Each structure stands twice: as C-alpha cells, then as structure tokens.
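What follows is the content of entry04.txt, which has compact mmCIF, C-alpha atoms and all ligand atoms:
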```txt
# COMPACT_ATOMS: atom_id res chain seq x y z
CA MET S 17 6.20 8.95 12.54
CA LEU S 18 2.68 7.74 13.37
CA ILE S 19 1.33 9.19 10.13
CA ALA S 20 4.10 7.66 8.03
CA GLU S 21 3.63 4.24 9.64
CA VAL S 22 -0.09 4.16 8.95
CA MET S 23 0.35 5.42 5.37
CA LEU S 24 3.03 2.81 4.75
CA GLN S 25 0.72 0.01 5.89
CA GLN S 26 -0.78 -0.02 2.44
CA THR S 27 1.56 1.66 -0.01
CA GLN S 28 5.19 1.92 -1.00
CA LEU S 29 7.43 4.73 0.19
CA GLN S 30 7.74 6.49 -3.19
CA VAL S 31 3.96 6.71 -3.47
CA VAL S 32 3.43 7.75 0.14
CA LEU S 33 6.07 10.48 0.25
CA PRO S 34 4.15 13.35 -1.44
CA TYR S 35 1.02 12.52 0.58
CA TRP S 36 3.04 12.51 3.79
CA GLN S 37 4.67 15.85 2.96
CA ARG S 38 1.33 17.42 2.06
CA TRP S 39 -0.19 16.03 5.26
CA LEU S 40 2.57 17.41 7.51
CA ALA S 41 2.36 20.81 5.85
CA ALA S 42 -1.38 20.95 6.62
CA LEU S 43 -1.36 19.15 9.98
CA PRO S 44 2.12 19.59 11.46
CA SER S 45 1.30 18.23 14.93
CA LEU S 46 -0.83 15.66 16.68
CA ALA S 47 -2.86 18.50 18.17
CA ALA S 48 -3.54 19.88 14.69
CA LEU S 49 -4.73 16.48 13.51
CA ALA S 50 -6.95 16.01 16.55
CA ALA S 51 -8.51 19.43 16.01
CA ALA S 52 -9.07 18.92 12.27
CA GLU S 53 -12.46 18.19 10.70
CA GLU S 54 -12.86 14.65 9.36
CA HIS S 55 -13.69 16.12 5.95
CA ASP S 56 -10.24 17.79 5.80
CA VAL S 57 -8.50 14.62 6.97
CA LEU S 58 -10.18 12.61 4.21
CA MET S 59 -9.23 15.28 1.64
CA LEU S 60 -5.57 14.92 2.64
CA TRP S 61 -5.84 11.13 2.40
CA GLN S 62 -7.61 11.22 -0.97
CA GLY S 63 -5.81 8.96 -3.44
CA LEU S 64 -4.23 6.67 -0.85
CA GLY S 65 -7.27 4.37 -0.53
CA TYR S 66 -8.29 2.46 2.60
CA TYR S 67 -9.99 5.56 3.95
CA SER S 68 -11.04 3.89 7.19
CA ARG S 69 -7.36 4.14 8.16
CA ALA S 70 -7.48 7.91 7.88
CA ARG S 71 -10.57 8.03 10.06
CA ARG S 72 -9.02 5.71 12.64
CA LEU S 73 -5.83 7.77 12.64
CA HIS S 74 -7.93 10.82 13.33
CA GLN S 75 -9.62 9.04 16.25
CA ALA S 76 -6.24 7.78 17.51
CA SER S 77 -4.83 11.33 17.57
CA ARG S 78 -7.67 12.42 19.87
CA LEU S 79 -7.13 9.43 22.16
CA LEU S 80 -3.39 10.08 22.31
CA LEU S 81 -3.95 13.70 23.23
CA ALA S 82 -6.48 12.68 25.87
CA GLY S 83 -3.82 10.87 27.88
CA PRO S 84 -2.62 7.37 28.80
CA SER S 85 -4.51 4.54 27.21
CA ALA S 86 -6.66 2.78 29.76
CA SER S 87 -5.84 -0.49 28.12
CA GLU S 88 -2.10 -0.11 28.49
CA SER S 89 -0.63 -2.62 30.86
CA PRO S 90 1.71 -1.13 33.48
CA ASN S 91 3.75 -4.32 33.57
CA GLN S 92 5.05 -4.49 30.02
CA SER S 93 8.74 -4.89 29.51
CA LEU S 94 8.78 -1.89 27.18
CA ASP S 95 7.36 0.49 29.77
CA ALA S 96 10.73 1.77 30.88
CA VAL S 97 11.49 3.59 27.64
CA VAL S 98 11.40 7.37 27.69
CA ALA S 99 8.98 9.18 25.40
CA PRO S 100 9.89 12.41 23.60
CA GLY S 101 8.35 15.54 25.03
CA SER S 102 5.95 17.09 22.56
CA ASP S 103 2.24 16.90 21.87
CA GLY S 104 1.83 15.40 25.35
CA ALA S 105 4.15 12.63 24.21
CA GLU S 106 5.31 11.96 27.75
CA ARG S 107 1.89 10.39 28.25
CA TRP S 108 1.97 8.24 25.11
CA PRO S 109 1.78 4.44 25.46
CA ARG S 110 5.05 2.64 26.17
CA SER S 111 3.84 -0.87 25.42
CA LEU S 112 2.71 -2.79 22.36
CA GLU S 113 -0.68 -3.28 23.94
CA GLY S 114 -1.04 0.44 24.55
CA TRP S 115 -0.40 1.32 20.91
CA GLN S 116 -2.45 -1.59 19.60
CA ALA S 117 -5.38 -0.36 21.67
CA LEU S 118 -5.54 2.71 19.43
CA PRO S 119 -7.83 2.46 16.39
CA GLY S 120 -6.17 1.08 13.27
CA LEU S 121 -2.79 0.10 14.70
CA GLY S 122 -1.73 -3.52 14.37
CA ARG S 123 1.17 -5.24 16.07
CA SER S 124 3.82 -4.46 13.45
CA THR S 125 2.89 -0.78 13.22
CA ALA S 126 2.86 -0.52 17.02
CA ALA S 127 6.25 -2.23 17.21
CA SER S 128 7.70 -0.03 14.50
CA ILE S 129 6.60 3.11 16.36
CA LEU S 130 8.04 1.82 19.64
CA SER S 131 11.38 0.86 18.16
CA SER S 132 11.72 3.96 15.95
CA ALA S 133 10.50 6.57 18.40
CA PHE S 134 11.72 5.06 21.68
CA ASP S 135 14.42 2.54 20.61
CA ALA S 136 12.35 -0.13 22.36
CA PRO S 137 13.07 -3.82 21.64
CA ALA S 138 9.94 -4.65 19.64
CA ALA S 139 10.12 -6.98 16.63
CA ILE S 140 8.38 -5.92 13.40
CA LEU S 141 6.77 -7.91 10.61
CA ASP S 142 5.71 -5.73 7.70
CA GLY S 143 5.59 -6.87 4.06
CA ASN S 144 9.28 -6.24 3.42
CA VAL S 145 10.33 -8.13 6.53
CA LYS S 146 8.07 -11.08 5.71
CA ARG S 147 9.73 -11.35 2.30
CA VAL S 148 13.27 -11.26 3.71
CA LEU S 149 12.43 -13.84 6.39
CA ALA S 150 10.62 -16.11 3.92
CA ARG S 151 13.80 -16.19 1.86
CA LEU S 152 16.09 -16.67 4.83
CA ILE S 153 14.23 -19.86 5.75
CA ALA S 154 13.10 -20.73 2.20
CA SER S 155 9.63 -21.12 3.64
CA PRO S 156 7.51 -23.54 1.60
CA ARG S 157 4.30 -21.83 2.78
CA PRO S 158 3.03 -18.24 2.39
CA PRO S 159 3.93 -16.03 5.38
CA ALA S 160 0.25 -15.37 6.08
CA ARG S 161 -0.15 -19.07 6.86
CA GLU S 162 2.76 -19.12 9.29
CA LEU S 163 2.52 -15.81 11.06
CA ALA S 164 3.43 -17.15 14.51
CA ARG S 165 6.62 -18.65 13.11
CA PHE S 166 7.54 -15.45 11.30
CA TRP S 167 6.97 -13.37 14.42
CA GLN S 168 9.22 -15.75 16.37
CA LEU S 169 11.89 -15.42 13.73
CA SER S 170 11.73 -11.63 13.74
CA GLU S 171 12.00 -11.63 17.55
CA LEU S 172 14.92 -14.03 17.40
CA LEU S 173 16.83 -11.87 14.94
CA LEU S 174 16.19 -8.54 16.70
CA ASP S 175 19.24 -6.98 18.30
CA PRO S 176 17.91 -6.02 21.77
CA GLN S 177 20.78 -3.57 22.26
CA ARG S 178 20.02 -1.62 19.08
CA PRO S 179 16.39 -2.33 18.13
CA ARG S 180 15.84 0.95 16.28
CA ALA S 181 18.90 0.51 14.06
CA PHE S 182 18.23 -3.19 13.54
CA ASN S 183 14.60 -2.80 12.51
CA GLN S 184 15.47 0.09 10.23
CA ALA S 185 18.24 -1.98 8.61
CA LEU S 186 15.88 -4.92 8.16
CA MET S 187 13.24 -2.74 6.49
CA ASP S 188 15.89 -1.06 4.31
CA LEU S 189 17.26 -4.44 3.27
CA GLY S 190 13.78 -5.52 2.19
CA ALA S 191 13.07 -2.26 0.38
CA SER S 192 16.37 -1.82 -1.44
CA VAL S 193 18.26 -5.16 -1.63
CA CYS S 194 15.92 -8.09 -1.04
CA THR S 195 13.32 -6.66 -3.42
CA PRO S 196 10.29 -8.62 -4.66
CA ARG S 197 11.30 -9.39 -8.24
CA SER S 198 15.06 -8.94 -8.62
CA PRO S 199 16.82 -9.26 -5.25
CA ARG S 200 20.40 -7.93 -5.34
CA CYS S 201 21.89 -10.87 -3.49
CA GLY S 202 25.43 -9.80 -4.42
CA ALA S 203 25.02 -6.77 -2.13
CA CYS S 204 23.35 -8.68 0.73
CA PRO S 205 25.21 -9.32 3.99
CA TRP S 206 23.13 -12.48 4.60
CA ARG S 207 23.98 -14.07 1.28
CA GLY S 208 26.09 -16.77 2.91
CA HIS S 209 23.23 -17.84 5.20
CA CYS S 210 20.34 -17.61 2.79
CA PRO S 211 18.84 -20.87 1.47
CA ALA S 212 16.71 -19.03 -1.09
CA TYR S 213 19.89 -17.56 -2.59
CA ALA S 214 21.62 -20.95 -2.41
CA ALA S 215 18.68 -22.54 -4.23
CA GLY S 216 19.38 -20.17 -7.14
CA ASP S 217 15.92 -18.62 -7.47
CA PRO S 218 15.29 -16.30 -4.50
CA ALA S 219 12.45 -14.44 -6.23
CA ARG S 220 10.42 -17.66 -5.93
CA PHE S 221 9.97 -16.76 -2.25
CA PRO S 222 7.71 -15.95 -0.52
CA VAL S 223 5.58 -18.62 -2.15
CA LYS S 224 2.00 -17.61 -2.81
CA ASP S 225 -1.30 -19.42 -2.68
CA ALA S 226 -2.88 -20.10 -6.07
CA PRO S 227 -4.73 -16.94 -7.14
CA ARG S 228 -8.43 -17.07 -6.36
CA THR S 229 -10.97 -15.76 -8.78
CA VAL S 230 -12.40 -12.46 -7.60
CA PRO S 231 -16.03 -11.52 -8.21
CA TYR S 232 -16.86 -9.14 -11.02
CA GLN S 233 -19.69 -6.64 -10.71
CA VAL S 234 -21.18 -4.00 -12.96
CA ILE S 235 -22.19 -0.80 -11.20
CA GLY S 236 -24.61 1.65 -12.80
CA VAL S 237 -23.83 5.22 -11.80
CA GLY S 238 -25.93 8.31 -12.37
CA VAL S 239 -24.43 11.78 -12.68
CA VAL S 240 -27.64 13.65 -11.99
CA LEU S 241 -27.94 17.29 -13.07
CA ASP S 242 -30.75 19.58 -12.10
CA GLY S 243 -32.09 22.43 -14.24
CA ASP S 244 -29.73 24.83 -12.48
CA GLY S 245 -26.50 23.10 -13.56
CA ARG S 246 -25.88 21.49 -10.15
CA VAL S 247 -24.84 17.86 -9.74
CA LEU S 248 -26.00 15.43 -7.05
CA ILE S 249 -23.50 13.64 -4.78
CA ASP S 250 -23.92 11.58 -1.64
CA GLN S 251 -21.67 10.71 1.28
CA ARG S 252 -21.21 7.00 1.99
CA LEU S 253 -21.92 5.57 5.39
CA ASN S 254 -18.84 5.35 7.59
CA GLU S 255 -18.60 1.56 7.45
CA GLY S 256 -16.55 -0.30 4.85
CA LEU S 257 -13.59 0.31 2.62
CA LEU S 258 -14.63 3.73 1.31
CA GLY S 259 -16.67 4.83 4.32
CA GLY S 260 -17.21 8.58 4.68
CA LEU S 261 -16.21 9.43 1.10
CA TRP S 262 -18.47 11.17 -1.38
CA GLU S 263 -19.60 9.59 -4.63
CA PHE S 264 -22.07 9.75 -7.47
CA PRO S 265 -25.08 7.61 -6.65
CA GLY S 266 -25.66 4.20 -8.18
CA GLY S 267 -25.51 0.50 -7.46
CA LYS S 268 -25.15 -3.05 -8.69
CA GLN S 269 -26.69 -4.20 -11.91
CA GLU S 270 -29.02 -7.16 -11.42
CA GLN S 271 -28.97 -10.15 -13.70
CA GLY S 272 -30.68 -9.43 -17.01
CA GLU S 273 -31.21 -5.76 -16.17
CA ALA S 274 -30.40 -2.99 -18.68
CA ILE S 275 -27.93 -0.49 -17.24
CA ALA S 276 -30.35 2.45 -17.61
CA ALA S 277 -32.88 0.46 -15.58
CA THR S 278 -30.22 -0.23 -12.93
CA ILE S 279 -29.46 3.47 -12.56
CA SER S 280 -33.08 4.44 -12.49
CA ARG S 281 -33.91 1.78 -9.88
CA GLU S 282 -30.90 2.56 -7.66
CA LEU S 283 -31.58 6.28 -7.60
CA ASP S 284 -35.17 5.59 -6.68
CA GLU S 285 -34.21 3.09 -3.93
CA GLU S 286 -31.33 5.08 -2.46
CA LEU S 287 -32.42 8.69 -2.98
CA ALA S 288 -36.16 8.49 -3.70
CA ILE S 289 -35.79 10.51 -6.89
CA GLU S 290 -37.00 10.03 -10.41
CA VAL S 291 -34.55 10.71 -13.24
CA ALA S 292 -34.34 10.48 -17.00
CA VAL S 293 -31.26 8.40 -17.79
CA GLY S 294 -29.38 10.03 -20.65
CA GLU S 295 -26.24 9.31 -22.64
CA GLU S 296 -23.25 7.36 -21.38
CA LEU S 297 -20.55 9.58 -19.88
CA ILE S 298 -17.75 7.10 -19.23
CA VAL S 299 -17.01 3.45 -18.42
CA ILE S 300 -14.33 2.66 -15.84
CA GLU S 301 -12.77 -0.64 -14.83
CA HIS S 302 -11.46 -0.72 -11.28
CA ALA S 303 -9.80 -3.61 -9.46
CA TYR S 304 -9.71 -4.03 -5.70
CA SER S 305 -7.91 -6.94 -4.06
CA HIS S 306 -11.21 -8.73 -3.42
CA LYS S 307 -13.34 -7.73 -6.43
CA ARG S 308 -13.32 -6.15 -9.87
CA LEU S 309 -15.81 -3.46 -10.74
CA ARG S 310 -17.01 -1.96 -14.00
CA PHE S 311 -18.66 1.43 -13.51
CA VAL S 312 -21.02 2.39 -16.32
CA VAL S 313 -21.75 6.06 -15.83
CA HIS S 314 -24.63 7.91 -17.46
CA LEU S 315 -25.66 11.53 -17.37
CA CYS S 316 -29.13 11.86 -15.86
CA THR S 317 -31.67 14.64 -15.63
CA TRP S 318 -33.50 15.09 -12.35
CA LEU S 319 -37.26 14.91 -12.85
CA ALA S 320 -38.91 14.66 -9.45
CA GLY S 321 -38.46 13.92 -5.73
CA GLU S 322 -36.40 15.73 -3.10
CA PRO S 323 -33.20 13.62 -2.73
CA GLN S 324 -33.20 11.64 0.53
CA PRO S 325 -30.12 9.95 2.10
CA LEU S 326 -31.84 6.55 2.37
CA ALA S 327 -28.56 4.62 2.02
CA SER S 328 -25.99 7.32 2.75
CA GLN S 329 -25.09 9.90 5.41
CA GLN S 330 -26.19 12.90 3.41
CA VAL S 331 -26.87 14.10 -0.13
CA ARG S 332 -25.93 17.43 -1.62
CA TRP S 333 -26.43 19.41 -4.84
CA VAL S 334 -23.12 21.07 -5.75
CA ARG S 335 -21.69 23.08 -8.61
CA PRO S 336 -19.37 20.94 -10.79
CA ALA S 337 -16.45 23.26 -9.92
CA GLU S 338 -17.06 22.50 -6.22
CA LEU S 339 -16.51 18.74 -6.66
CA ALA S 340 -12.80 19.28 -6.00
CA ASP S 341 -13.69 20.27 -2.42
CA TYR S 342 -15.01 16.79 -1.59
CA PRO S 343 -13.02 13.58 -0.96
CA PHE S 344 -13.97 10.97 -3.59
CA PRO S 345 -12.74 7.38 -4.17
CA ALA S 346 -10.06 7.10 -6.84
CA ALA S 347 -12.44 5.72 -9.50
CA ASN S 348 -14.56 8.87 -9.24
CA ALA S 349 -11.71 11.16 -10.33
CA SER S 350 -12.20 9.92 -13.91
CA ILE S 351 -15.94 10.52 -13.68
CA ILE S 352 -15.38 14.09 -12.49
CA ALA S 353 -12.84 14.74 -15.25
CA ALA S 354 -15.23 13.35 -17.89
CA LEU S 355 -18.11 15.43 -16.53
CA LEU S 356 -16.11 18.67 -16.54
CA GLU S 357 -14.90 17.97 -20.06
CA ARG S 358 -18.43 17.24 -21.24
CA LEU S 359 -19.80 20.40 -19.62
CA ASP S 360 -17.00 22.49 -21.18
CA ALA S 361 -17.79 21.01 -24.59
CA SER S 362 -21.50 21.70 -24.13
CA ALA S 363 -20.81 25.29 -23.08
CA LEU S 364 -18.62 25.82 -26.14
CA ALA S 365 -21.28 24.35 -28.44
CA ALA S 366 -23.92 26.58 -26.92
CA ASP S 367 -21.81 29.71 -27.06
CA PRO S 368 -19.27 29.41 -29.92
CA GLU S 369 -16.76 32.20 -30.30
CA PRO S 370 -17.56 34.60 -33.13
S1 LIG B 1 20.71 -13.30 -0.13
FE1 LIG B 1 19.24 -12.47 -1.56
S2 LIG B 1 17.33 -13.55 -1.15
FE2 LIG B 1 18.67 -13.87 0.61
S3 LIG B 1 18.11 -12.28 2.04
FE3 LIG B 1 19.81 -11.50 0.83
S4 LIG B 1 18.87 -10.37 -0.90
FE4 LIG B 1 17.32 -11.68 0.06
```

Reformat the file's structure so that it appears as structure tokens.
Amino acid sequence: MLIAEVMLQQTQLQVVLPYWQRWLAALPSLAALAAAEEHDVLMLWQGLGYYSRARRLHQASRLLLAGPSASESPNQSLDAVVAPGSDGAERWPRSLEGWQALPGLGRSTAASILSSAFDAPAAILDGNVKRVLARLIASPRPPARELARFWQLSELLLDPQRPRAFNQALMDLGASVCTPRSPRCGACPWRGHCPAYAAGDPARFPVKDAPRTVPYQVIGVGVVLDGDGRVLIDQRLNEGLLGGLWEFPGGKQEQGEAIAATISRELDEELAIEVAVGEELIVIEHAYSHKRLRFVVHLCTWLAGEPQPLASQQVRWVRPAELADYPFPAANASIIAALLERLDASALAADPEP
C-alpha cells in the first residue's frame, strides 16, 4: 500500500504496475525494505524517475519499523482507528501528521494510506481528484492556485461513514470516467450536477497556466575507457532529482565552447583526469518538467590522473557488462546500449569469423 502510493505520486497505474510487482517480489515486507541496501532499492526503482522518493521511502520504512513517530499528535481525530497487525503495524501512525512526518509523504498520500488501510475519514487530493473537482465546480483557475479550496471541497464531499470506499470511488472515477482528454460523461453519476459537462466542453477543465519556456542545456558526456576495456562511472551526490544514481561523467557546455572542450574540461574539474576525446557515440534529447537537455556523448580514452570523486560520491572503473548492476537515470540507458553495440561491432571487426 505504502509502496504503491509513493509510486503513484508520479506515474500512472499502468506504468507503475510492473515496477510494483517486481518490487514486492524482491521486498515483500516493510522489514525487507528496511533491511535492504540503498543500491538495491534504487535498482528496483530504476526507470520510475524521481529517485529521491525511493530513498525517502527507504528511510520511512526504517522509521516505521522503529516505532511510533515522535511527531504524531495523540489528539488527532483519526487516532482511534485500528491498525493491521503485521510488520509492527500496530505501532504505525494513526494521524495525518504522523504519516506526513515520514520522509517523502505529502498530505494526499498520507490521507490515502489512512483511508485505504484503516478506513479513516481523511480527504485526498491527487491529480485525478483535482481534475474531477475542477470540473465539478468549473474552476476558472488551475487547481494548484486554489489548493485550499480544493481541499475543502474534497473534505466536504467525503462520506465519513465510508471513507475508504468513497475515496477509492473518487479515484476510480477520475482514472476511468472523468479522464483528462475524453471524459465519458454519459457513464458519470455526477453528470446532472456538473457545470463542466453542462458547458459542453469538460476537457477544457482543469484550466492551465500558459506554458512557460523551459531552459535548454547541452551536456557534454564522456564515456571514458581505459586500456583494459573498463569504463568509468560516478555516483551522483544524494541531493537533487537524480541523487544517488550512477552516470557517465560530464557537464554543461559553456557559451562558445566546442563540445570536446566541454568534456575535457568537465572531466578535469570533476574527476581530475586527462582524456583524449574521441568520436561521438550518441546524442540524446531528454525533457524534464523544468528543463530540456541534449546529451552529446563521446567516447574518450583515459590518458592520465587517478579519478577522484571531486563532484560525486564515488567513482568506479567497471566492465561494460557490469553496467547493468548499477542504477542509472533513464537517459543513460541509451548511452549504455550504444556503448555495448559499439564495443560488439569493434570486437567483430577485430576478430572476424573465418
Ligand atoms: S460529468 Fe463528465 S466532466 Fe463532470 S465529473 Fe462526470 S465525467 Fe467528469
């Protein structure tokens, strides 16, 4: 439940499902998650993005196992609910504040856990619910600009006698009937009370702010090989969007700088090594919500300097076949595939079959 809620914070159910199944097969209990190495947790999360959530989930599992949250208020109205009895669950938080005190859990996720696991009367406000509510009031402003109002509305609608069933029905309505682009209003029980439907264009809601232009950056990346066929990777610092993941070293191109010079400079600044920048391996475009990146990746030959983790947690020389054992950001999967293909082609050229 906790795992599914955190995974669903960022991604749709169809995408999450195989990750969730793989996760539960590997870590079937809270105790198993708490005992796992962070490396293994990140490997299981690989491909879902927002890796800080995986790390916070890992931390949360250890706090949950450790006992009642110190920040949980004993006076909350939800405290009377009964927790299920596994994984020390009888000691789990019974209030919104208790769950929200855990790393990475916001109000809606906390409320969803409370209502689903304990049938507690806690209103939710995830993306699906925001969309349904925006249509039910034909809100002229984006939900993010009226969060207090949307929370009030969700609380007002909640059936306090059947919170679990109500919240589940509300989420299901958003996911399967009141869908983003083509809501099936003919199948909706709220059709007669919905101003967005009455206005004839429900997909117009929720209204959005005008799109802002996102910055565009070019990143020079070096896939550095030593004379022994090993490749150099580094582990990012724990802060930020991709914290704790492994990557090929590189950095931002400066204005007027040739990409080979960028790679050479970045590897010197971040790893204190000297390389010969060779041919281009691959170019990848990758869009995040807040920026667009173009990775220009070159093969490099290591010349001198013992690699130092000057801007990372650690650096490591690994065999190309071992790259699959490390969690990488999604954009790096294409780099790894291109590298393996290139190495295969080189091996074939060097040793053609008779
Ligand atoms: S009537 Fe249509 S727009 Fe309104 S809540 Fe139902 S599915 Fe959504």

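Compared by their closest atoms to Lys146 of chain S, and using all atoms listed in the file, the residues S:Leu43, S:Val239, S:Ala160, S:Ala347 rank with S:Ala160 nearest.
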
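Once all atoms listed in the file are used for the distance check, the residues close to ligand LIG 1 (chain B) at 7 Å turn out to be S:Val148, S:Arg151, S:Leu152, S:Val193, S:Cys194, S:Pro199, S:Arg200, S:Cys201, S:Cys204, S:Pro205, S:Trp206, S:Arg207, S:Cys210, S:Ala212, S:Tyr213, S:Pro218.
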
For Glu286 of chain S, find every residue with an atom within 8 Å (counting only C-alpha atoms), except residues of its own chain fewer than 2 positions away, and show them as a tab-separated table (two decimals) with C-alpha atoms, in the coordinates of the input.
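Full text of around_25.tsv as output:
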```tsv
chain	number	residue	atom	x	y	z
S	265	PRO	CA	-25.08	7.61	-6.65
S	282	GLU	CA	-30.90	2.56	-7.66
S	283	LEU	CA	-31.58	6.28	-7.60
S	284	ASP	CA	-35.17	5.59	-6.68
S	288	ALA	CA	-36.16	8.49	-3.70
S	324	GLN	CA	-33.20	11.64	0.53
S	325	PRO	CA	-30.12	9.95	2.10
S	326	LEU	CA	-31.84	6.55	2.37
S	327	ALA	CA	-28.56	4.62	2.02
S	328	SER	CA	-25.99	7.32	2.75
```

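Between Leu315 of chain S and the candidates S:Arg123, S:Arg165, S:Arg71, S:Arg358, the tightest atom-to-atom separation, counting all atoms listed in the file, involves S:Arg358.
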
As AutoDock Vina command-line options, what would the box around segment 43-58 of chain S look like: edges along x, y and z, 3 Å added on every side, centre and edge lengths in Å to one decimal?
```
--center_x -5.8 --center_y 16.2 --center_z 11.2 --size_x 21.8 --size_y 13.3 --size_z 20.0
```

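Each of S:Ala274, S:Leu309, S:Ala48, S:Val22 was compared to Arg72 of chain S using only C-alpha atoms, and S:Val22 turns out to be the nearest.
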
(message) Restricting the calculation to only C-alpha atoms: of S:Asn183, S:Ser155, S:Thr27, S:Gln233, which residue gets closest to Ala133 of chain S?
(response) S:Asn183

(request) Figure out the distance between atom CA of Ala349 of chain S and atom CA of Gln62 of chain S, please, to one decimal in Å. (result) 10.2 Å

(message) Just checking: using all atoms listed in the file, which residue out of S:Ala203, S:Leu24, S:Leu356, S:Ala366 ends up closest to Ser124 of chain S?
(response) S:Leu24

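If you measure from each of S:Gly272, S:Arg332, S:Pro159, S:Val237 to Val223 of chain S using all atoms listed in the file, the closest one turns out to be S:Pro159.
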
(request) Rounded to one decimal place, report the atom CA of Gly65 of chain S-atom CA of Lys307 of chain S distance in Å. (result) 14.8 Å
